[in-house]
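**Q** Structure: query28.cif, mmCIF, C-alpha atoms.
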data_final
loop_
_atom_site.group_PDB
_atom_site.id
_atom_site.type_symbol
_atom_site.label_atom_id
_atom_site.label_comp_id
_atom_site.auth_asym_id
_atom_site.auth_seq_id
_atom_site.Cartn_x
_atom_site.Cartn_y
_atom_site.Cartn_z
ATOM 1 C CA MET A 1075 105.135 115.408 112.723
ATOM 2 C CA GLU A 1076 107.618 113.870 110.283
ATOM 3 C CA THR A 1077 107.333 113.799 106.497
ATOM 4 C CA ILE A 1078 108.493 110.944 104.303
ATOM 5 C CA ASP A 1079 109.098 111.997 100.693
ATOM 6 C CA LEU A 1080 108.661 109.307 98.056
ATOM 7 C CA GLU A 1081 109.310 109.165 94.329
ATOM 8 C CA THR A 1082 107.229 106.322 92.919
ATOM 9 C CA THR A 1083 108.446 104.630 89.752
ATOM 10 C CA ARG A 1084 105.437 102.698 88.439
ATOM 11 C CA GLY A 1085 101.749 103.240 87.847
ATOM 12 C CA VAL A 1086 100.841 100.852 90.646
ATOM 13 C CA GLU A 1087 103.235 99.644 93.322
ATOM 14 C CA LEU A 1088 103.628 98.746 96.981
ATOM 15 C CA ILE A 1089 106.539 100.423 98.740
ATOM 16 C CA ASP A 1090 107.681 99.136 102.127
ATOM 17 C CA ILE A 1091 108.134 102.235 104.312
ATOM 18 C CA THR A 1092 108.488 100.445 107.656
ATOM 19 C CA GLY A 1093 112.135 101.439 108.121
ATOM 20 C CA ARG A 1094 111.435 105.081 107.373
ATOM 21 C CA VAL A 1095 108.492 105.093 109.788
ATOM 22 C CA LYS A 1096 110.721 103.590 112.513
ATOM 23 C CA GLU A 1097 113.224 106.400 111.920
ATOM 24 C CA SER A 1098 110.404 108.876 112.621
ATOM 25 C CA LEU A 1099 109.694 107.575 116.128
ATOM 26 C CA GLY A 1100 112.023 110.213 117.554
ATOM 27 C CA GLY A 1101 112.673 108.525 120.882
ATOM 28 C CA ILE A 1102 109.005 108.015 121.774
ATOM 29 C CA ILE A 1103 108.853 105.165 124.296
ATOM 30 C CA SER A 1104 105.107 104.557 124.405
ATOM 31 C CA GLY A 1105 102.191 105.801 122.319
ATOM 32 C CA VAL A 1106 100.599 105.509 118.915
ATOM 33 C CA CYS A 1107 102.124 106.104 115.502
ATOM 34 C CA ILE A 1108 99.762 107.429 112.841
ATOM 35 C CA VAL A 1109 100.904 106.968 109.223
ATOM 36 C CA PHE A 1110 98.847 109.036 106.742
ATOM 37 C CA THR A 1111 98.908 109.746 103.016
ATOM 38 C CA PRO A 1112 97.253 112.994 101.831
ATOM 39 C CA HIS A 1113 96.842 111.763 98.246
ATOM 40 C CA THR A 1114 93.460 110.515 97.003
ATOM 41 C CA THR A 1115 95.002 107.951 94.652
ATOM 42 C CA THR A 1116 97.195 106.208 97.240
ATOM 43 C CA GLY A 1117 96.754 104.123 100.359
ATOM 44 C CA ILE A 1118 98.527 102.937 103.474
ATOM 45 C CA ILE A 1119 98.283 99.274 104.471
ATOM 46 C CA VAL A 1120 99.922 96.765 106.798
ATOM 47 C CA ASN A 1121 100.720 93.341 105.399
ATOM 48 C CA GLU A 1122 103.508 90.885 104.633
ATOM 49 C CA ASN A 1123 106.385 91.876 102.339
ATOM 50 C CA GLU A 1124 106.353 88.794 100.128
ATOM 51 C CA ASP A 1125 106.459 89.202 96.353
ATOM 52 C CA GLY A 1126 103.675 86.696 95.625
ATOM 53 C CA LEU A 1127 101.348 88.287 98.154
ATOM 54 C CA LYS A 1128 102.118 91.793 96.900
ATOM 55 C CA GLY A 1129 101.226 90.646 93.377
ATOM 56 C CA ASP A 1130 98.039 89.043 94.707
ATOM 57 C CA ILE A 1131 97.052 92.311 96.416
ATOM 58 C CA LEU A 1132 97.504 94.275 93.196
ATOM 59 C CA ASP A 1133 95.670 91.593 91.177
ATOM 60 C CA LEU A 1134 92.739 91.706 93.619
ATOM 61 C CA LEU A 1135 92.515 95.496 93.407
ATOM 62 C CA ASN A 1136 92.563 95.335 89.597
ATOM 63 C CA GLU A 1137 89.893 92.643 89.614
ATOM 64 C CA LEU A 1138 87.630 94.589 91.957
ATOM 65 C CA VAL A 1139 88.170 97.941 90.217
ATOM 66 C CA PRO A 1140 89.234 97.467 86.587
ATOM 67 C CA ILE A 1141 90.689 100.311 84.532
ATOM 68 C CA ARG A 1142 88.464 102.082 81.965
ATOM 69 C CA ARG A 1143 85.136 100.691 83.037
ATOM 70 C CA GLY A 1144 83.233 103.816 82.060
ATOM 71 C CA TYR A 1145 83.680 105.652 85.364
ATOM 72 C CA ARG A 1146 82.301 109.194 85.288
ATOM 73 C CA HIS A 1147 85.450 110.688 86.828
ATOM 74 C CA ASP A 1148 87.511 109.448 83.860
ATOM 75 C CA ARG A 1149 86.143 112.390 81.864
ATOM 76 C CA ILE A 1150 88.418 114.622 83.943
ATOM 77 C CA ASP A 1151 91.742 112.804 84.158
ATOM 78 C CA ASP A 1152 91.252 109.098 83.403
ATOM 79 C CA ASN A 1153 92.202 107.878 86.883
ATOM 80 C CA ALA A 1154 88.880 107.010 88.518
ATOM 81 C CA HIS A 1155 90.104 103.453 89.089
ATOM 82 C CA ALA A 1156 92.924 104.772 91.298
ATOM 83 C CA HIS A 1157 90.542 106.862 93.420
ATOM 84 C CA LEU A 1158 88.158 103.914 93.833
ATOM 85 C CA LYS A 1159 90.952 101.494 94.782
ATOM 86 C CA SER A 1160 92.205 103.949 97.396
ATOM 87 C CA LEU A 1161 88.749 103.838 99.014
ATOM 88 C CA LEU A 1162 89.243 100.123 99.624
ATOM 89 C CA LEU A 1163 92.643 100.653 101.271
ATOM 90 C CA GLY A 1164 92.233 103.814 103.294
ATOM 91 C CA PRO A 1165 94.636 106.715 103.817
ATOM 92 C CA SER A 1166 96.098 105.778 107.208
ATOM 93 C CA VAL A 1167 97.007 103.207 109.823
ATOM 94 C CA ALA A 1168 97.545 103.504 113.576
ATOM 95 C CA ILE A 1169 100.280 101.367 115.131
ATOM 96 C CA PRO A 1170 100.991 101.055 118.849
ATOM 97 C CA VAL A 1171 104.483 101.896 120.106
ATOM 98 C CA GLU A 1172 105.943 100.260 123.229
ATOM 99 C CA ASN A 1173 109.499 100.381 124.511
ATOM 100 C CA GLY A 1174 110.404 102.580 121.549
ATOM 101 C CA GLU A 1175 109.334 99.952 118.982
ATOM 102 C CA LEU A 1176 106.422 99.683 116.568
ATOM 103 C CA ILE A 1177 104.171 96.831 117.680
ATOM 104 C CA LEU A 1178 103.918 94.881 114.439
ATOM 105 C CA GLY A 1179 103.397 91.158 113.947
ATOM 106 C CA THR A 1180 106.313 88.961 112.912
ATOM 107 C CA TRP A 1181 105.704 89.473 109.184
ATOM 108 C CA GLN A 1182 103.860 92.780 109.236
ATOM 109 C CA ARG A 1183 105.279 95.728 107.307
ATOM 110 C CA ILE A 1184 103.870 99.187 106.530
ATOM 111 C CA PHE A 1185 103.269 99.856 102.835
ATOM 112 C CA PHE A 1186 102.613 102.980 100.835
ATOM 113 C CA VAL A 1187 100.422 101.939 97.901
ATOM 114 C CA GLU A 1188 100.761 103.963 94.699
ATOM 115 C CA LEU A 1189 97.737 103.655 92.425
ATOM 116 C CA ASP A 1190 98.327 106.464 89.896
ATOM 117 C CA GLY A 1191 102.046 106.885 89.420
ATOM 118 C CA PRO A 1192 104.746 107.523 88.871
ATOM 119 C CA ARG A 1193 104.625 110.637 91.033
ATOM 120 C CA ARG A 1194 106.224 112.510 93.896
ATOM 121 C CA ARG A 1195 104.369 111.678 97.096
ATOM 122 C CA LYS A 1196 104.383 112.478 100.793
ATOM 123 C CA VAL A 1197 103.540 110.395 103.833
ATOM 124 C CA TYR A 1198 103.052 112.011 107.227
ATOM 125 C CA VAL A 1199 104.002 110.251 110.455
ATOM 126 C CA LYS A 1200 102.585 111.584 113.719
ATOM 127 C CA MET A 1201 103.530 110.230 117.112
ATOM 128 C CA ILE A 1202 101.080 110.535 119.973
ATOM 129 C CA LYS A 1203 102.704 109.907 123.354
ATOM 130 C CA GLY A 1204 100.871 107.452 125.549
#
Could you rewrite the structure in this file as structure tokens?
**A**
Amino acid sequence: METIDLETTRGVELIDITGRVKESLGGIISGVCIVFTPHTTTGIIVNENEDGLKGDILDLLNELVPIRRGYRHDRIDDNAHAHLKSLLLGPSVAIPVENGELILGTWQRIFFVELDGPRRRKVYVKMIKG
């Protein structure tokens, strides 16, 4: 298993980690690549790396789960919105690998989504040979 260390710089951001995931393939020719975040206020998604779309994704999350809406968890550390948004995204993705390459669509990229930053974060990449 490989670890990707990240230092996020904003409260909420999408970070394209596709290149770093590709570096973690380690010569695997065929199999499945699992990309996982162990943090409960982050997510892993696959989508297009286009600035307008990335802004739309963040706007949608903020619309669906607004900050300071009286969430009970906010009594503890005022970040319930980040936990709830992460539920919508999920902590992992599985991507097929063939001929030593991630099988992604033409515009697909792998994103780490920070929802409660800035912070130091980790992403784990596990290759399962097929």
**Q** Using only C-alpha atoms, what residues lie at most 10 Å away from (113.6, 109.1, 94.4) (file coordinates), given as a PyMOL selection string?
**A** chain A and resi 1079-1083+1193-1195
**Q** For atom CA of Gly1129 of chain A and atom CA of Phe1186 of chain A, determine how far apart the two atoms are, in Å to one decimal place.
**A** 14.5 Å
**Q** One decimal, Å: what's the distance from atom CA of Phe1185 of chain A over to atom CA of Gly1101 of chain A, could you say?
**A**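 For atom CA of Phe1185 of chain A relative to atom CA of Gly1101 of chain A, the distance reads 22.1 Å.
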**Q** With all atoms listed in the file as the atoms that count, which of A:Ile1184, A:Val1197, A:Ala1156, A:Ala1168 lies nearest to Gly1105 of chain A?
**A**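 Going through A:Ile1184, A:Val1197, A:Ala1156, A:Ala1168 one by one, the smallest distance to Gly1105 of chain A is for A:Ala1168.
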**Q** Give me the residues near Val1171 of chain A as a CSV table (one decimal) with C-alpha atoms, keeping the file's coordinate frame, where near means some atom within 12 Å (using all atoms listed in the file) and where sequence neighbours in that chain fewer than 3 positions away do not count.
**A**
chain,number,residue,atom,x,y,z
A,1095,VAL,CA,108.5,105.1,109.8
A,1096,LYS,CA,110.7,103.6,112.5
A,1098,SER,CA,110.4,108.9,112.6
A,1099,LEU,CA,109.7,107.6,116.1
A,1100,GLY,CA,112.0,110.2,117.6
A,1101,GLY,CA,112.7,108.5,120.9
A,1102,ILE,CA,109.0,108.0,121.8
A,1103,ILE,CA,108.9,105.2,124.3
A,1104,SER,CA,105.1,104.6,124.4
A,1105,GLY,CA,102.2,105.8,122.3
A,1106,VAL,CA,100.6,105.5,118.9
A,1107,CYS,CA,102.1,106.1,115.5
A,1108,ILE,CA,99.8,107.4,112.8
A,1168,ALA,CA,97.5,103.5,113.6
A,1174,GLY,CA,110.4,102.6,121.5
A,1175,GLU,CA,109.3,100.0,119.0
A,1176,LEU,CA,106.4,99.7,116.6
A,1177,ILE,CA,104.2,96.8,117.7
A,1178,LEU,CA,103.9,94.9,114.4
A,1200,LYS,CA,102.6,111.6,113.7
A,1201,MET,CA,103.5,110.2,117.1
A,1202,ILE,CA,101.1,110.5,120.0
A,1203,LYS,CA,102.7,109.9,123.4
A,1204,GLY,CA,100.9,107.5,125.5
**Q** Could you check which of A:Asp1148, A:Arg1142, A:Asn1123, A:Val1199 is closest to Thr1180 of chain A, using only C-alpha atoms?
**A**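 Ranking A:Asp1148, A:Arg1142, A:Asn1123, A:Val1199 by distance to Thr1180 of chain A, first place goes to A:Asn1123.
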**Q** Give me, as a list in words, all polymer residues having an atom no more than 9 Å from Tyr1198 of chain A, counting all atoms listed in the file and skipping those fewer than 2 positions away in the same chain.
**A**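 My reading of the contact set: Met1075, Glu1076, Thr1077, Ile1078, Asp1079, Ile1108, Val1109, Phe1110, Thr1111, Pro1112, Lys1196 and Lys1200 of chain A.
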**Q** Could you work out how far atom CA of Leu1127 of chain A lies from atom CA of Ala1154 of chain A, giving the answer in Å with one decimal?
**A**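 Spanning atom CA of Ala1154 of chain A to atom CA of Leu1127 of chain A is a straight-line distance of 24.5 Å.
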**Q** List as number ranges by chain: which residues have an atom within 7 Å of (104.2, 107.4, 83.5), counting only C-alpha atoms?
**A** A: 1084-1085, 1191-1192
**Q** Tell me, as a list in words, which residues lie within 9 Å of Leu1161 of chain A, counting only C-alpha atoms; anything in the same chain fewer than 5 positions away does not count.
**A**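 Skipping anything fewer than 5 positions along the chain leaves Thr1114, Thr1115, Thr1116, Gly1117 and Ala1156 of chain A.
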**Q** Which residues are near Asp1133 of chain A? Cut-off 12 Å, only C-alpha atoms, ignore same chain within fewer than 5 positions. Put them as number ranges by chain.
**A** A: 1086-1087, 1126-1128, 1138-1140, 1159
**Q** With the file shown as input, list the residues that the PyMOL selection byres ((chain A and resi 1120) around 6) selects, as a PyMOL selection string.
**A** chain A and resi 1119+1121+1183-1184
**Q** Could you add whatever atoms are missing so that segment 1107-1143 of chain A carries N, CA and C atoms, then write the result as a compact mmCIF listing (two decimals), in the coordinates of the input?
**A**
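This went into rebuild_37.txt:
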# COMPACT_ATOMS: atom_id res chain seq x y z
N CYS A 1107 101.55 105.53 116.71
CA CYS A 1107 102.12 106.10 115.50
C CYS A 1107 101.04 106.11 114.43
N ILE A 1108 100.73 107.29 113.92
CA ILE A 1108 99.76 107.43 112.84
C ILE A 1108 100.55 107.65 111.55
N VAL A 1109 100.27 106.84 110.54
CA VAL A 1109 100.90 106.97 109.22
C VAL A 1109 99.79 107.32 108.24
N PHE A 1110 99.93 108.47 107.56
CA PHE A 1110 98.85 109.04 106.74
C PHE A 1110 99.37 109.51 105.39
N THR A 1111 98.62 109.21 104.34
CA THR A 1111 98.91 109.75 103.02
C THR A 1111 97.84 110.77 102.64
N PRO A 1112 98.23 111.97 102.19
CA PRO A 1112 97.25 112.99 101.83
C PRO A 1112 96.78 112.91 100.39
N HIS A 1113 97.16 111.87 99.68
CA HIS A 1113 96.84 111.76 98.25
C HIS A 1113 95.63 110.85 98.03
N THR A 1114 94.70 111.26 97.19
CA THR A 1114 93.46 110.52 97.00
C THR A 1114 93.59 109.34 96.03
N THR A 1115 94.78 109.11 95.51
CA THR A 1115 95.00 107.95 94.65
C THR A 1115 96.13 107.08 95.21
N THR A 1116 96.22 107.04 96.55
CA THR A 1116 97.20 106.21 97.24
C THR A 1116 96.53 105.59 98.46
N GLY A 1117 97.25 104.72 99.12
CA GLY A 1117 96.75 104.12 100.36
C GLY A 1117 97.90 103.75 101.26
N ILE A 1118 97.57 103.45 102.50
CA ILE A 1118 98.53 102.94 103.47
C ILE A 1118 97.95 101.63 104.02
N ILE A 1119 98.74 100.57 103.97
CA ILE A 1119 98.28 99.27 104.47
C ILE A 1119 99.38 98.62 105.30
N VAL A 1120 98.99 97.61 106.07
CA VAL A 1120 99.92 96.76 106.80
C VAL A 1120 99.71 95.35 106.30
N ASN A 1121 100.80 94.72 105.86
CA ASN A 1121 100.72 93.34 105.40
C ASN A 1121 102.12 92.77 105.30
N GLU A 1122 102.23 91.58 104.75
CA GLU A 1122 103.51 90.88 104.63
C GLU A 1122 104.25 91.32 103.37
N ASN A 1123 105.56 91.48 103.49
CA ASN A 1123 106.38 91.88 102.34
C ASN A 1123 106.90 90.62 101.63
N GLU A 1124 106.02 89.99 100.90
CA GLU A 1124 106.35 88.79 100.13
C GLU A 1124 105.88 89.04 98.71
N ASP A 1125 106.75 88.84 97.74
CA ASP A 1125 106.46 89.20 96.35
C ASP A 1125 105.16 88.60 95.82
N GLY A 1126 104.91 87.33 96.10
CA GLY A 1126 103.68 86.70 95.62
C GLY A 1126 102.45 87.36 96.21
N LEU A 1127 102.49 87.64 97.50
CA LEU A 1127 101.35 88.29 98.15
C LEU A 1127 101.15 89.70 97.62
N LYS A 1128 102.25 90.43 97.44
CA LYS A 1128 102.12 91.79 96.90
C LYS A 1128 101.47 91.75 95.51
N GLY A 1129 101.86 90.80 94.68
CA GLY A 1129 101.23 90.65 93.38
C GLY A 1129 99.76 90.29 93.51
N ASP A 1130 99.44 89.42 94.47
CA ASP A 1130 98.04 89.04 94.71
C ASP A 1130 97.21 90.25 95.13
N ILE A 1131 97.77 91.11 95.98
CA ILE A 1131 97.05 92.31 96.42
C ILE A 1131 96.74 93.20 95.22
N LEU A 1132 97.72 93.43 94.37
CA LEU A 1132 97.50 94.28 93.20
C LEU A 1132 96.52 93.62 92.22
N ASP A 1133 96.62 92.30 92.05
CA ASP A 1133 95.67 91.59 91.18
C ASP A 1133 94.24 91.73 91.70
N LEU A 1134 94.07 91.58 93.02
CA LEU A 1134 92.74 91.71 93.62
C LEU A 1134 92.17 93.10 93.39
N LEU A 1135 92.99 94.13 93.62
CA LEU A 1135 92.52 95.50 93.41
C LEU A 1135 92.10 95.71 91.96
N ASN A 1136 92.89 95.19 91.02
CA ASN A 1136 92.56 95.34 89.60
C ASN A 1136 91.31 94.56 89.22
N GLU A 1137 91.09 93.43 89.87
CA GLU A 1137 89.89 92.64 89.61
C GLU A 1137 88.65 93.35 90.15
N LEU A 1138 88.77 93.90 91.35
CA LEU A 1138 87.63 94.59 91.96
C LEU A 1138 87.31 95.91 91.27
N VAL A 1139 88.36 96.62 90.83
CA VAL A 1139 88.17 97.94 90.22
C VAL A 1139 89.02 98.00 88.94
N PRO A 1140 88.47 97.47 87.84
CA PRO A 1140 89.23 97.47 86.59
C PRO A 1140 89.38 98.87 86.00
N ILE A 1141 90.43 99.04 85.23
CA ILE A 1141 90.69 100.31 84.53
C ILE A 1141 89.69 100.46 83.38
N ARG A 1142 89.32 101.72 83.09
CA ARG A 1142 88.46 102.08 81.96
C ARG A 1142 87.16 101.28 81.91
N ARG A 1143 86.42 101.38 82.97
CA ARG A 1143 85.14 100.69 83.04
C ARG A 1143 83.98 101.66 82.84
